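Source file: upload_9.txt; contents: compact mmCIF, C-alpha atoms.
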# COMPACT_ATOMS: atom_id res chain seq x y z
CA MET A 15 -21.11 31.71 -33.91
CA PHE A 16 -17.55 32.66 -33.03
CA ASN A 17 -16.59 29.00 -33.17
CA ARG A 18 -17.87 28.81 -36.73
CA ILE A 19 -15.88 31.88 -37.78
CA PHE A 20 -12.65 31.41 -35.87
CA GLY A 21 -12.89 27.72 -35.16
CA LYS A 22 -12.72 26.01 -31.81
CA PRO A 23 -10.14 27.30 -29.32
CA LYS A 24 -6.92 25.36 -29.49
CA GLN A 25 -6.60 23.01 -26.56
CA GLU A 26 -3.30 22.32 -24.86
CA ALA A 27 -1.76 19.12 -26.22
CA ASN A 28 -1.50 16.23 -23.85
CA PRO A 29 1.69 14.18 -24.43
CA LEU A 30 -0.02 10.90 -23.64
CA THR A 31 -2.93 11.63 -25.96
CA THR A 32 -0.55 12.80 -28.68
CA LEU A 33 1.56 9.67 -28.46
CA GLU A 34 -1.52 7.49 -28.59
CA LYS A 35 -2.72 9.29 -31.71
CA LEU A 36 0.68 8.98 -33.41
CA TYR A 37 0.89 5.24 -32.72
CA GLU A 38 -2.59 4.73 -34.11
CA THR A 39 -1.63 6.62 -37.27
CA VAL A 40 1.50 4.52 -37.74
CA GLU A 41 -0.54 1.35 -37.35
CA MET A 42 -3.07 2.57 -39.94
CA LEU A 43 -0.31 3.45 -42.42
CA GLU A 44 1.28 0.02 -41.98
CA ILE A 45 -2.05 -1.64 -42.78
CA LYS A 46 -2.42 0.46 -45.94
CA GLU A 47 1.16 -0.34 -46.95
CA LYS A 48 0.52 -4.08 -46.68
CA LEU A 49 -2.66 -3.70 -48.69
CA LEU A 50 -0.86 -1.80 -51.47
CA ASP A 51 1.93 -4.40 -51.49
CA LYS A 52 -0.68 -7.05 -52.01
CA LYS A 53 -2.30 -5.09 -54.85
CA ALA A 54 1.07 -4.46 -56.53
CA ALA A 55 1.88 -8.17 -56.35
CA GLY A 56 -1.51 -8.95 -57.87
CA GLU A 57 -0.81 -6.62 -60.81
CA VAL A 58 2.45 -8.43 -61.43
CA GLU A 59 0.63 -11.76 -61.60
CA LYS A 60 -1.93 -10.31 -64.00
CA ALA A 61 0.85 -8.92 -66.19
CA LYS A 62 2.40 -12.38 -66.37
CA GLU A 63 -0.91 -13.90 -67.42
CA PHE A 64 -1.46 -11.28 -70.12
CA THR A 65 2.09 -11.83 -71.34
CA ARG A 66 1.45 -15.56 -71.72
CA ALA A 67 -1.77 -14.67 -73.57
CA LYS A 68 0.22 -12.45 -75.90
CA ASN A 69 -1.82 -9.44 -74.72
CA LYS A 70 0.99 -6.94 -74.43
CA ARG A 71 -1.22 -3.88 -74.00
CA ALA A 72 -3.06 -5.33 -71.00
CA ALA A 73 0.21 -6.46 -69.47
CA ILE A 74 1.63 -2.93 -69.76
CA GLN A 75 -1.49 -1.49 -68.04
CA CYS A 76 -0.96 -3.89 -65.14
CA LEU A 77 2.64 -2.76 -64.77
CA LYS A 78 1.54 0.90 -64.78
CA ARG A 79 -0.89 0.24 -61.93
CA LYS A 80 1.87 -1.60 -60.10
CA ARG A 81 4.07 1.50 -60.42
CA LEU A 82 1.30 3.66 -58.98
CA TYR A 83 0.90 1.32 -56.03
CA GLU A 84 4.65 1.42 -55.45
CA GLN A 85 4.62 5.21 -55.45
CA GLN A 86 1.86 5.22 -52.85
CA ILE A 87 3.78 2.66 -50.80
CA GLU A 88 6.88 4.89 -50.90
CA GLN A 89 4.77 7.83 -49.81
CA LEU A 90 3.32 5.83 -46.91
CA VAL A 91 6.83 4.81 -45.83
CA ASN A 92 7.85 8.49 -45.78
CA PHE A 93 4.77 9.30 -43.70
CA GLN A 94 5.68 6.59 -41.22
CA MET A 95 9.22 7.93 -40.92
CA ARG A 96 7.91 11.42 -40.20
CA ILE A 97 5.53 10.09 -37.58
CA HIS A 98 8.29 8.05 -35.94
CA ASP A 99 10.35 11.24 -35.73
CA GLN A 100 7.41 12.94 -34.05
CA ILE A 101 7.03 10.04 -31.62
CA ILE A 102 10.69 10.28 -30.63
CA MET A 103 10.43 14.04 -30.14
CA VAL A 104 7.21 13.82 -28.13
CA GLU A 105 8.62 11.06 -25.93
CA GLY A 106 11.72 13.16 -25.30
CA ALA A 107 9.60 16.21 -24.55
CA LYS A 108 7.46 14.15 -22.19
CA ALA A 109 10.54 12.91 -20.34
CA THR A 110 11.79 16.48 -20.06
CA THR A 111 8.40 17.67 -18.84
CA ASP A 112 8.20 14.90 -16.26
CA THR A 113 11.68 15.77 -15.03
CA VAL A 114 10.85 19.45 -14.76
CA ASP A 115 7.58 18.66 -12.96
CA ALA A 116 9.45 16.43 -10.50
CA LEU A 117 12.02 19.15 -9.86
CA ARG A 118 9.28 21.73 -9.46
CA THR A 119 7.47 19.49 -6.99
CA GLY A 120 10.67 18.96 -5.02
CA ALA A 121 11.39 22.68 -4.95
CA ALA A 122 7.85 23.38 -3.73
CA ALA A 123 8.22 20.77 -1.00
CA MET A 124 11.54 22.28 0.10
CA LYS A 125 9.99 25.72 0.13
CA ALA A 126 7.06 24.49 2.20
CA MET A 127 9.41 22.83 4.71
CA GLN A 128 11.53 25.96 4.96
CA LYS A 129 8.41 28.01 5.51
CA ALA A 130 7.23 25.63 8.22
CA MET A 131 10.64 25.71 9.91
CA ASN A 132 12.50 28.94 9.31
CA ILE A 133 15.76 30.03 10.90
CA ASP A 134 14.00 31.98 13.65
CA ASP A 135 12.14 28.88 14.76
CA VAL A 136 15.38 26.89 14.80
CA ASP A 137 17.13 29.54 16.90
CA LYS A 138 14.19 29.68 19.27
CA THR A 139 14.18 25.90 19.64
CA MET A 140 17.93 25.83 20.35
CA ASP A 141 17.53 28.58 22.96
CA GLU A 142 14.82 26.58 24.69
CA ILE A 143 17.01 23.46 24.68
CA ASN A 144 19.96 25.39 26.15
CA GLU A 145 17.73 26.92 28.79
CA GLN A 146 16.32 23.54 29.79
CA THR A 147 19.85 22.11 29.96
CA GLU A 148 21.03 24.94 32.22
CA ASN A 149 18.01 24.49 34.47
CA MET A 150 18.73 20.78 34.76
CA LYS A 151 22.35 21.50 35.74
CA GLN A 152 21.19 23.89 38.46
CA ILE A 153 18.74 21.31 39.76
CA GLN A 154 21.45 18.64 39.91
CA GLU A 155 23.85 21.00 41.72
CA ALA A 156 21.13 21.90 44.21
CA LEU A 157 20.42 18.23 44.91
CA SER A 158 24.11 17.40 45.37
CA THR A 159 24.75 20.26 47.86
CA PRO A 160 24.94 18.93 51.48
CA ILE A 161 22.33 20.19 53.91
CA GLY A 162 21.86 20.07 57.71
CA ALA A 163 24.75 19.27 60.05
CA VAL A 164 26.93 18.01 57.22
CA ALA A 165 26.85 21.40 55.55
CA ASP A 166 28.41 23.02 58.70
CA PHE A 167 31.60 20.94 58.54
CA ASP A 168 34.70 22.82 57.44
CA GLU A 169 36.57 20.88 54.79
CA ASP A 170 39.90 22.58 55.69
CA GLU A 171 39.56 21.58 59.35
CA LEU A 172 38.77 18.00 58.39
CA GLU A 173 41.84 17.81 56.15
CA ALA A 174 44.07 19.25 58.93
CA GLU A 175 42.74 16.67 61.38
CA LEU A 176 43.42 13.91 58.89
CA GLU A 177 47.03 15.10 58.49
CA GLU A 178 47.51 15.02 62.28
CA LEU A 179 46.25 11.45 62.42
CA GLU A 180 48.63 10.41 59.66
CA GLY A 181 51.59 12.08 61.46
CA ALA A 182 50.75 10.39 64.78
CA GLU A 183 50.50 7.01 63.08
CA LEU A 184 53.93 7.49 61.47
CA GLU A 185 55.54 8.56 64.77
CA GLU A 186 54.10 5.54 66.57
CA GLN A 187 55.60 3.24 63.96
CA LEU A 188 59.06 4.85 64.36
CA LEU A 189 59.03 4.53 68.19
CA GLN A 190 58.29 0.78 68.23
CA PRO A 191 61.46 -1.31 69.31
CA ALA A 192 63.02 -3.44 66.67
CA THR A 193 62.45 -7.16 67.27
CA THR A 194 65.73 -9.18 67.69
CA ALA A 195 66.07 -12.40 65.84
CA PRO A 196 66.73 -15.52 68.01
CA ALA A 197 70.37 -16.77 68.12
CA ALA A 198 71.12 -19.69 65.90
CA PRO A 199 71.96 -22.89 67.82
CA MET A 200 75.67 -23.89 67.87
CA HIS A 201 76.51 -27.22 66.31
CA VAL A 202 78.77 -29.36 68.52
CA PRO A 203 80.18 -32.73 67.42
CA ALA A 204 78.67 -35.74 69.16
CA GLY A 205 82.08 -36.92 70.59
CA ARG A 206 82.86 -33.62 72.26
CA LEU A 207 79.67 -33.11 74.18
CA PRO A 208 80.41 -32.14 77.83
CA THR A 209 79.37 -34.64 80.50
CA ARG A 210 77.78 -31.84 82.45
CA PRO A 211 76.93 -28.31 81.69
CA VAL A 212 79.60 -25.71 82.34
CA SER A 213 78.35 -23.14 84.81
CA ALA A 214 79.16 -19.60 84.17
CA LYS A 215 80.09 -19.00 87.92
CA PRO A 216 82.61 -21.35 89.84
CA THR A 217 81.28 -23.25 92.84
CA PRO A 218 82.84 -22.86 96.39
CA GLU A 219 84.53 -26.24 96.05
CA GLU A 220 86.23 -25.13 92.89
CA ASP A 221 87.44 -21.97 94.63
CA GLU A 222 89.01 -23.94 97.50
CA LEU A 223 90.70 -26.36 95.06
CA ALA A 224 92.17 -23.51 93.09
CA ALA A 225 93.55 -21.88 96.32
CA LEU A 226 95.13 -25.18 97.43
CA GLN A 227 96.81 -25.64 94.08
CA ALA A 228 98.22 -22.17 94.31
CA GLU A 229 99.77 -22.83 97.77
CA MET A 230 101.32 -26.08 96.60
CA ALA A 231 102.86 -24.32 93.66
CA LEU A 232 104.57 -21.95 96.10

Write out the structure in this file as structure tokens.
Amino acid sequence: MFNRIFGKPKQEANPLTTLEKLYETVEMLEIKEKLLDKKAAGEVEKAKEFTRAKNKRAAIQCLKRKRLYEQQIEQLVNFQMRIHDQIIMVEGAKATTDTVDALRTGAAAMKAMQKAMNIDDVDKTMDEINEQTENMKQIQEALSTPIGAVADFDEDELEAELEELEGAELEEQLLQPATTAPAAPMHVPAGRLPTRPVSAKPTPEEDELAALQAEMAL
């Protein structure tokens, strides 16, 4: 009953459905325009025939109908222009709507991700990572610390002992005698070689000969 009085409730327009309806209307108007063009051309042919038959009145009636067809054609062209304007506007609105929907979807996705991973969760995760890293460092230090007899050695004492060894090695090197190089052999000409080697100490015969020569000189 209310539908009869107030009509059906207005439904929200769907851009795709609207565009489809507009294209269908344009196609229908184009068909009517072609039909009227054909009728107007037919009236012109009739007017020519009546003119040849000297029937001026009938020829004028044909031209009047042609004018009416042309008026309808002009009206249909105006309708098509209006519908094309609507198509352009609806397509632009659809593109805008699609863009807004995409942006809205992206914003909702970002909001959902932020809700799933807020700043508190990030801080908590970083604290856990730092704690695990510190624990790993402590474990590595504990494993690298010497144990048993090695742990009882004093590093200072070992370094002092090493210095003593180095000093003793240096002192031993300084106390070693210097090695003398062998004398180079003397070159003597072949013609002047002695017949026998000259002894460094005179023989008894040479002593007696020297004493005799001294007495004879007196």

How many Å lie between atom CA of A:Glu44 and atom CA of A:Asn92, rounded to one decimal?
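If I compute the distance from atom CA of A:Glu44 to atom CA of A:Asn92, I get 11.4 Å.
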
Would you kindly return, as a VMD selection string, each protein, DNA or RNA residue with an atom no farther than 12 Å from any atom of stretch 27-42 of chain A, considering all atoms listed in the file and excluding same-chain residues fewer than 6 positions away?
chain A and resid 48 to 49 90 to 112

Mind dumping the selected residues with C-alpha atoms as a PDB file, in the frame of the given file?
ATOM      1  CA  LYS A  48       0.520  -4.080 -46.680  1.00  0.00           C
ATOM      2  CA  LEU A  49      -2.660  -3.700 -48.690  1.00  0.00           C
ATOM      3  CA  LEU A  90       3.320   5.830 -46.910  1.00  0.00           C
ATOM      4  CA  VAL A  91       6.830   4.810 -45.830  1.00  0.00           C
ATOM      5  CA  ASN A  92       7.850   8.490 -45.780  1.00  0.00           C
ATOM      6  CA  PHE A  93       4.770   9.300 -43.700  1.00  0.00           C
ATOM      7  CA  GLN A  94       5.680   6.590 -41.220  1.00  0.00           C
ATOM      8  CA  MET A  95       9.220   7.930 -40.920  1.00  0.00           C
ATOM      9  CA  ARG A  96       7.910  11.420 -40.200  1.00  0.00           C
ATOM     10  CA  ILE A  97       5.530  10.090 -37.580  1.00  0.00           C
ATOM     11  CA  HIS A  98       8.290   8.050 -35.940  1.00  0.00           C
ATOM     12  CA  ASP A  99      10.350  11.240 -35.730  1.00  0.00           C
ATOM     13  CA  GLN A 100       7.410  12.940 -34.050  1.00  0.00           C
ATOM     14  CA  ILE A 101       7.030  10.040 -31.620  1.00  0.00           C
ATOM     15  CA  ILE A 102      10.690  10.280 -30.630  1.00  0.00           C
ATOM     16  CA  MET A 103      10.430  14.040 -30.140  1.00  0.00           C
ATOM     17  CA  VAL A 104       7.210  13.820 -28.130  1.00  0.00           C
ATOM     18  CA  GLU A 105       8.620  11.060 -25.930  1.00  0.00           C
ATOM     19  CA  GLY A 106      11.720  13.160 -25.300  1.00  0.00           C
ATOM     20  CA  ALA A 107       9.600  16.210 -24.550  1.00  0.00           C
ATOM     21  CA  LYS A 108       7.460  14.150 -22.190  1.00  0.00           C
ATOM     22  CA  ALA A 109      10.540  12.910 -20.340  1.00  0.00           C
ATOM     23  CA  THR A 110      11.790  16.480 -20.060  1.00  0.00           C
ATOM     24  CA  THR A 111       8.400  17.670 -18.840  1.00  0.00           C
ATOM     25  CA  ASP A 112       8.200  14.900 -16.260  1.00  0.00           C
TER      26      ASP A 112
END

Near A:Glu63, within 10 Å and counting all atoms listed in the file, which residues show up once chain neighbours fewer than 6 positions away are dropped, as a list in words?
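Skipping anything fewer than 6 positions along the chain leaves Glu57, Asn69, Ala72 and Ala73 of chain A.
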
Just how far from atom CA of A:Ile45 is atom CA of A:Gln89, in Å to one decimal?
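Atom-to-atom, atom CA of A:Gln89 and atom CA of A:Ile45 are spaced 13.6 Å apart.
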
Work out how far atom CA of A:Met140 is from atom CA of A:Met127, in Å to one decimal.
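The value is 18.1 Å.
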
Please determine, counting all atoms listed in the file, which residue among A:Leu77, A:Ala123, A:Leu43, A:Ala116 has the shortest atom-to-atom distance to A:Gly56.
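When distances to A:Gly56 are compared using all atoms listed in the file, the smallest one comes from A:Leu77.
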